[in-house]
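K.L.:
Before I ask anything, here is the structure I am working with.
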Amino acid sequence: MNNRIDKPFKTIDQQISILQSRNLLFHNKETAAKNLERYGYYEIINGYKDNYADCKIKLNTL
């Protein structure tokens, strides 16, 4: 059983528009676009990578 919900692809400009509609302000839209291209929407907005990296560091220091 697959419970995955398919979402339509959003361009970088569409992603920036979505973020602006959620009251996120940009100092520089070009830099925002480059970062979205490089890291991806969910990595930036949800920040899951940073939490995982912190967890790995803590496990390595035990």
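Ordering of the structure tokens sets the chain letters (A, B, ...); residue numbers start at 1 within each chain; ligands are numbered from 1 in the order shown.
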Using only C-alpha atoms, which residues sit within 8 Å of stretch 14-21 of chain A once same-chain residues fewer than 6 positions away are excluded, as an MDAnalysis selection string?

P.N.:
chainID A and resid 29 32:33 41

K.L.:
DSSP on the backbone: which residues in stretch 5-45 of chain A end up as alpha helix (DSSP H)? Give the answer as a ChimeraX atom specification.

P.N.:
/A:12-21,29-39,41-45
